[in-house]
Every structure is written in structure tokens, then in C-alpha cells.
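**Q** A single structure is presented below for examination.
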Amino acid sequence: MNLPNFLSLLRLCMVPVFAAVFFSGREDAHYWAAAVYALAFLTDIADGWIARHFNQITRLGRVLDPLADKLMTFTVIICITVDGIIPVWAVVIFFLKEAAMGIGALSMYRKVDDVIPSNWLGKTSTGVFFIVCAALVLFPEIPKHWATGLISFALVLTVAAFLSYLWQYLTVTGRRKKS
């Protein structure tokens, strides 16, 4: 197992840690939860950079990395929803988008024995989503309309990234009509 894959596994292990810390009831729980989330984000950046820089990109890593990212992000968004910081519809949109991405990835893997690598829009939307969710974890008392506006902005970028991946999927699998 190479270092990038190890970092992805470490990030997977941080998912339940985040939830446990977030709901621990400690006065400083949200700060510690944000720290766990930030560490997960840093390992995401590190594993991607190491994999590309040292040519350690593996098929396992192309599955583990996004899986760890999605599970962490889904856990964070569920936690801030349960805490009443953002509305439930935000989780529904995020879940539906992720479910479609997962189904698409499985379909593509079966058809061409690979998955679509991340692109700049996907990376940007992930970064923005991290910043928004980290801010909402750190500042749970933010006015509801601001929290809703921030998560809406992050979701718009996430859906735009989904559409770009859908376009790539259709191109690679030959389902898009040739112009």
C-alpha cells in the first residue's frame, strides 16, 4: 500500500471520529470537530499531491480517495443538519447528487474498467464545500438565512461539477450524440 492510499484510509477512519467529537457535548466540541475535518481535508490535498507528484496514482486510490471525501462530507452535512444549522433539503440534494455520482462511477467502471478522474470544477466545488461546512461547524450560531445561503452556493457548485462529470461520462461511454 502506498502513502496516498494510506492517507485515504486514514481519512476514512476520521469519519466516525468527526461525528463522535461533533456530538460529544463538550463546550469546545465544534472546534475539535472542525479540526478533525480540517485534518481530513489536508490529508486529501496531501494524498492527491503525493500521488500525482510521485506517480503513485492507483486504481485503488481512484476509488478510496473520493469514497473517503464523500463519506466525510456526507457525515459533516448530516451533523450540521441534525444540529439545525442547515435545512434538510440541502442533505437531500447532496445525497441525490452523490448517489448519481456513485451509480455513474459503478456503471463506468463496468463499461470501461475505470472511473473519471477529478477535474478542476470538482476540486473547486470540494474546496468551497469544505470551507462552507467548516465555517458552519465552527460558527453554528450563524443566522439561518446566511447558513442556507452559504450551503446553497456550495450546492450549486457541486451540482455544476456533477454536470461536468456527467458530460465526461456520456462522452467516454459513447452515449452522447456526435455533433
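So you can find residues: chains in the C-alpha cells are A, B, ... in the order shown, residues in each start at 1, and ligands are numbered from 1 in order.
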Produce a table with one row for each residue of stretch 16-125 of chain A that has an atom at most 6 Å from any atom of stretch 141-161 of chain A, each row naming the nearest atom pair and its distance in Å at one decimal; use only C-alpha atoms; arrange rows by chain and rising residue number; format as a Markdown table.

**A**
```
| residue | atom | partner | partner_atom | distance |
| --- | --- | --- | --- | --- |
| A:Ile86 | CA | A:Thr148 | CA | 5.8 |
| A:Leu121 | CA | A:Ala161 | CA | 5.4 |
| A:Gly122 | CA | A:Ala161 | CA | 5.0 |
| A:Ser125 | CA | A:Leu157 | CA | 5.2 |
```

**Q** If we count only C-alpha atoms and set the cut-off at 10 Å, which residues sit around A:Leu7, ignoring sequence neighbours fewer than 4 positions away in its own chain? Please answer as a PyMOL selection string.

**A** chain A and resi 2-3+11-13+40+42-48+61+64-65+68

**Q** Could you save the residues just selected, with N, CA and C atoms, as a compact mmCIF listing (two decimals), in the first residue's frame?

**A**
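Okay, this is what ended up in again16.txt:
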```
# COMPACT_ATOMS: atom_id res chain seq x y z
N ASN A 2 0.59 2.16 -0.90
CA ASN A 2 1.40 3.38 -0.97
C ASN A 2 0.86 4.45 -0.01
N LEU A 3 1.62 5.52 0.14
CA LEU A 3 1.27 6.58 1.09
C LEU A 3 -0.05 7.26 0.75
N ARG A 11 -8.23 8.94 6.33
CA ARG A 11 -9.38 9.84 6.22
C ARG A 11 -10.69 9.09 6.44
N LEU A 12 -10.78 7.87 5.94
CA LEU A 12 -11.98 7.06 6.20
C LEU A 12 -12.17 6.82 7.69
N CYS A 13 -11.06 6.60 8.39
CA CYS A 13 -11.13 6.38 9.85
C CYS A 13 -11.55 7.64 10.60
N ALA A 40 -8.69 16.07 7.87
CA ALA A 40 -9.14 15.21 6.77
C ALA A 40 -8.94 15.92 5.43
N LEU A 42 -6.77 18.27 4.74
CA LEU A 42 -5.33 18.35 4.47
C LEU A 42 -4.79 17.01 3.97
N THR A 43 -5.27 15.90 4.53
CA THR A 43 -4.81 14.60 4.03
C THR A 43 -5.31 14.37 2.61
N ASP A 44 -6.47 14.91 2.29
CA ASP A 44 -6.98 14.81 0.92
C ASP A 44 -6.06 15.55 -0.05
N ILE A 45 -5.68 16.75 0.31
CA ILE A 45 -4.76 17.52 -0.54
C ILE A 45 -3.42 16.80 -0.64
N ALA A 46 -2.92 16.32 0.50
CA ALA A 46 -1.61 15.65 0.51
C ALA A 46 -1.62 14.37 -0.32
N ASP A 47 -2.66 13.55 -0.17
CA ASP A 47 -2.64 12.30 -0.93
C ASP A 47 -2.72 12.54 -2.43
N GLY A 48 -3.49 13.54 -2.83
CA GLY A 48 -3.57 13.87 -4.26
C GLY A 48 -2.25 14.39 -4.80
N GLY A 61 -6.62 3.85 -5.29
CA GLY A 61 -6.65 5.23 -4.84
C GLY A 61 -7.73 6.05 -5.52
N LEU A 64 -10.69 4.87 -3.39
CA LEU A 64 -10.61 5.21 -1.97
C LEU A 64 -10.69 6.71 -1.71
N ASP A 65 -9.97 7.49 -2.51
CA ASP A 65 -9.92 8.94 -2.28
C ASP A 65 -11.30 9.58 -2.34
N ALA A 68 -13.57 8.34 0.59
CA ALA A 68 -13.26 8.99 1.87
C ALA A 68 -13.79 10.42 1.89
```

**Q** Using Å and a single decimal, report how far atom CA of A:Val132 sits from atom CA of A:Ala90.

**A**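 Going from atom CA of A:Ala90 over to atom CA of A:Val132, I get 12.7 Å.
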
**Q** Which is closest to A:Ile85 among A:Gly174, A:Met14, A:Leu138, A:Ala20, if we use only C-alpha atoms?

**A**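 Closest to A:Ile85, using only C-alpha atoms: A:Leu138.
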
**Q** Just list the residues in chain A DSSP gives alpha helix (DSSP H) on the backbone, as a VMD selection string.

**A** chain A and resid 3 to 22 29 to 53 59 to 82 88 to 112 120 to 138 144 to 173

**Q** Could you work out how far atom CA of A:Ala34 lies from atom CA of A:Ala134, giving the answer in Å with one decimal?

**A**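 Going from atom CA of A:Ala134 over to atom CA of A:Ala34, I get 5.8 Å.
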
**Q** Considering only C-alpha atoms, can you say which of A:Phe41, A:Tyr31, A:Tyr169, A:Phe18 comes closest to A:Leu136?

**A**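 Of the candidates, the smallest distance to A:Leu136 is held by A:Tyr31.
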
**Q** Give me the residues near A:Val17 as a list of chain:residue names, where near means some atom within 12 Å (using only C-alpha atoms) and where sequence neighbours in that chain fewer than 2 positions away do not count.

**A**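 Non-adjacent residues within range: A:Leu10, A:Arg11, A:Leu12, A:Cys13, A:Met14, A:Val15, A:Ala19, A:Ala20, A:Val21, A:Phe22, A:Phe23, A:Ser24, A:Ala29, A:Trp32, A:Ala33, A:Ala34, A:Ala35, A:Val36, A:Tyr37, A:Leu39, A:Ala40, A:Met72, A:Thr75, A:Val76.
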
**Q** Would you save the residues of that selection, restricted to N, CA and C atoms, as a PDB file, in the first residue's frame?

**A**
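Result written to result_34.pdb:
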```pdb
ATOM      1  N   LEU A  10      -6.769   6.575   6.238  1.00  0.00           N
ATOM      2  CA  LEU A  10      -6.767   7.373   7.466  1.00  0.00           C
ATOM      3  C   LEU A  10      -7.962   8.318   7.480  1.00  0.00           C
ATOM      4  N   ARG A  11      -8.235   8.939   6.331  1.00  0.00           N
ATOM      5  CA  ARG A  11      -9.378   9.845   6.221  1.00  0.00           C
ATOM      6  C   ARG A  11     -10.694   9.093   6.440  1.00  0.00           C
ATOM      7  N   LEU A  12     -10.783   7.872   5.941  1.00  0.00           N
ATOM      8  CA  LEU A  12     -11.979   7.058   6.195  1.00  0.00           C
ATOM      9  C   LEU A  12     -12.168   6.819   7.692  1.00  0.00           C
ATOM     10  N   CYS A  13     -11.060   6.601   8.392  1.00  0.00           N
ATOM     11  CA  CYS A  13     -11.130   6.380   9.851  1.00  0.00           C
ATOM     12  C   CYS A  13     -11.546   7.644  10.603  1.00  0.00           C
ATOM     13  N   MET A  14     -11.318   8.802  10.011  1.00  0.00           N
ATOM     14  CA  MET A  14     -11.679  10.062  10.665  1.00  0.00           C
ATOM     15  C   MET A  14     -13.176  10.346  10.614  1.00  0.00           C
ATOM     16  N   VAL A  15     -13.899   9.665   9.735  1.00  0.00           N
ATOM     17  CA  VAL A  15     -15.332   9.923   9.574  1.00  0.00           C
ATOM     18  C   VAL A  15     -16.089   9.707  10.888  1.00  0.00           C
ATOM     19  N   ALA A  19     -17.929  12.630  13.771  1.00  0.00           N
ATOM     20  CA  ALA A  19     -19.291  12.591  14.314  1.00  0.00           C
ATOM     21  C   ALA A  19     -19.277  12.470  15.840  1.00  0.00           C
ATOM     22  N   ALA A  20     -18.399  11.620  16.349  1.00  0.00           N
ATOM     23  CA  ALA A  20     -18.321  11.430  17.806  1.00  0.00           C
ATOM     24  C   ALA A  20     -17.905  12.726  18.500  1.00  0.00           C
ATOM     25  N   VAL A  21     -16.937  13.409  17.930  1.00  0.00           N
ATOM     26  CA  VAL A  21     -16.472  14.667  18.529  1.00  0.00           C
ATOM     27  C   VAL A  21     -17.553  15.738  18.404  1.00  0.00           C
ATOM     28  N   PHE A  22     -18.180  15.848  17.241  1.00  0.00           N
ATOM     29  CA  PHE A  22     -19.208  16.862  16.993  1.00  0.00           C
ATOM     30  C   PHE A  22     -20.335  16.765  18.016  1.00  0.00           C
ATOM     31  N   PHE A  23     -20.770  15.532  18.307  1.00  0.00           N
ATOM     32  CA  PHE A  23     -21.889  15.335  19.229  1.00  0.00           C
ATOM     33  C   PHE A  23     -21.446  14.960  20.645  1.00  0.00           C
ATOM     34  N   SER A  24     -20.202  15.211  20.972  1.00  0.00           N
ATOM     35  CA  SER A  24     -19.677  14.806  22.288  1.00  0.00           C
ATOM     36  C   SER A  24     -20.291  15.583  23.450  1.00  0.00           C
ATOM     37  N   ALA A  29     -16.648  21.258  21.477  1.00  0.00           N
ATOM     38  CA  ALA A  29     -16.805  20.142  20.538  1.00  0.00           C
ATOM     39  C   ALA A  29     -16.728  20.589  19.083  1.00  0.00           C
ATOM     40  N   TRP A  32     -13.124  21.209  17.979  1.00  0.00           N
ATOM     41  CA  TRP A  32     -12.390  19.964  17.765  1.00  0.00           C
ATOM     42  C   TRP A  32     -12.899  19.242  16.521  1.00  0.00           C
ATOM     43  N   ALA A  33     -14.198  19.270  16.301  1.00  0.00           N
ATOM     44  CA  ALA A  33     -14.758  18.639  15.101  1.00  0.00           C
ATOM     45  C   ALA A  33     -14.233  19.338  13.847  1.00  0.00           C
ATOM     46  N   ALA A  34     -14.174  20.660  13.889  1.00  0.00           N
ATOM     47  CA  ALA A  34     -13.622  21.407  12.749  1.00  0.00           C
ATOM     48  C   ALA A  34     -12.156  21.046  12.532  1.00  0.00           C
ATOM     49  N   ALA A  35     -11.425  20.806  13.611  1.00  0.00           N
ATOM     50  CA  ALA A  35     -10.017  20.412  13.492  1.00  0.00           C
ATOM     51  C   ALA A  35      -9.890  19.034  12.828  1.00  0.00           C
ATOM     52  N   VAL A  36     -10.757  18.108  13.194  1.00  0.00           N
ATOM     53  CA  VAL A  36     -10.754  16.782  12.566  1.00  0.00           C
ATOM     54  C   VAL A  36     -11.076  16.924  11.081  1.00  0.00           C
ATOM     55  N   TYR A  37     -12.065  17.741  10.776  1.00  0.00           N
ATOM     56  CA  TYR A  37     -12.462  17.969   9.382  1.00  0.00           C
ATOM     57  C   TYR A  37     -11.322  18.629   8.595  1.00  0.00           C
ATOM     58  N   LEU A  39      -8.115  18.402   9.267  1.00  0.00           N
ATOM     59  CA  LEU A  39      -7.075  17.389   9.091  1.00  0.00           C
ATOM     60  C   LEU A  39      -7.440  16.444   7.952  1.00  0.00           C
ATOM     61  N   ALA A  40      -8.692  16.070   7.873  1.00  0.00           N
ATOM     62  CA  ALA A  40      -9.142  15.209   6.773  1.00  0.00           C
ATOM     63  C   ALA A  40      -8.942  15.918   5.432  1.00  0.00           C
ATOM     64  N   MET A  72     -16.846  11.614   4.430  1.00  0.00           N
ATOM     65  CA  MET A  72     -16.585  12.681   5.394  1.00  0.00           C
ATOM     66  C   MET A  72     -17.544  13.847   5.169  1.00  0.00           C
ATOM     67  N   THR A  75     -21.044  12.967   6.231  1.00  0.00           N
ATOM     68  CA  THR A  75     -21.139  12.948   7.692  1.00  0.00           C
ATOM     69  C   THR A  75     -21.228  14.361   8.253  1.00  0.00           C
ATOM     70  N   VAL A  76     -20.401  15.255   7.732  1.00  0.00           N
ATOM     71  CA  VAL A  76     -20.417  16.645   8.197  1.00  0.00           C
ATOM     72  C   VAL A  76     -21.766  17.290   7.906  1.00  0.00           C
TER      73      VAL A  76
END
```

**Q** Residues near A:Asp113, anyone? I mean within 12 Å using only C-alpha atoms, not counting same-chain ones fewer than 5 positions away, as a PyMOL selection string.

**A** chain A and resi 59+62+105-108+172-173

**Q** Would you mind exporting C-alpha atoms of the selected residues as a PDB file, in the first residue's frame?

**A**
```pdb
ATOM      1  CA  ARG A  59      -6.910   2.245  -9.306  1.00  0.00           C
ATOM      2  CA  ARG A  62      -9.027   6.482  -7.515  1.00  0.00           C
ATOM      3  CA  ALA A 105     -18.919   5.550 -11.332  1.00  0.00           C
ATOM      4  CA  LEU A 106     -20.060   1.931 -10.973  1.00  0.00           C
ATOM      5  CA  SER A 107     -21.560   1.968 -14.436  1.00  0.00           C
ATOM      6  CA  MET A 108     -18.430   3.450 -15.948  1.00  0.00           C
ATOM      7  CA  VAL A 172     -16.441   8.296 -22.600  1.00  0.00           C
ATOM      8  CA  THR A 173     -19.244   5.741 -22.741  1.00  0.00           C
TER       9      THR A 173
END
```

**Q** For A:Pro4, which residue among A:Gly25, A:Ala51, A:Gly84, A:Ser118 is the nearest when counting only C-alpha atoms?

**A**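 Result for the nearest residue to A:Pro4: A:Ala51.
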
**Q** Nearest residue to A:Val137 out of A:Glu98, A:Asp69, A:Asp83, A:Glu27, using only C-alpha atoms?

**A** A:Asp83

**Q** Can you tell me, as a list in words, what residues are no more than 9 Å from A:Lys97 when counting only C-alpha atoms, ignoring any on the same chain fewer than 4 positions away?

**A**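 Skipping anything fewer than 4 positions along the chain leaves Val92, Ile93, Met101, Gly102, Thr158, Val159 and Phe162 of chain A.
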
**Q** Those selected residues, please, written with C-alpha atoms and delivered as a tab-separated table (two decimals), in the first residue's frame.

**A**
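Wrote it out as part_0.tsv, contents follow:
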```
chain	number	residue	atom	x	y	z
A	92	VAL	CA	-31.33	15.57	0.14
A	93	ILE	CA	-29.75	17.43	-2.78
A	101	MET	CA	-22.19	10.03	-9.00
A	102	GLY	CA	-21.81	6.64	-7.33
A	158	THR	CA	-21.40	20.78	-6.51
A	159	VAL	CA	-24.25	20.30	-8.98
A	162	PHE	CA	-21.80	16.82	-11.31
```
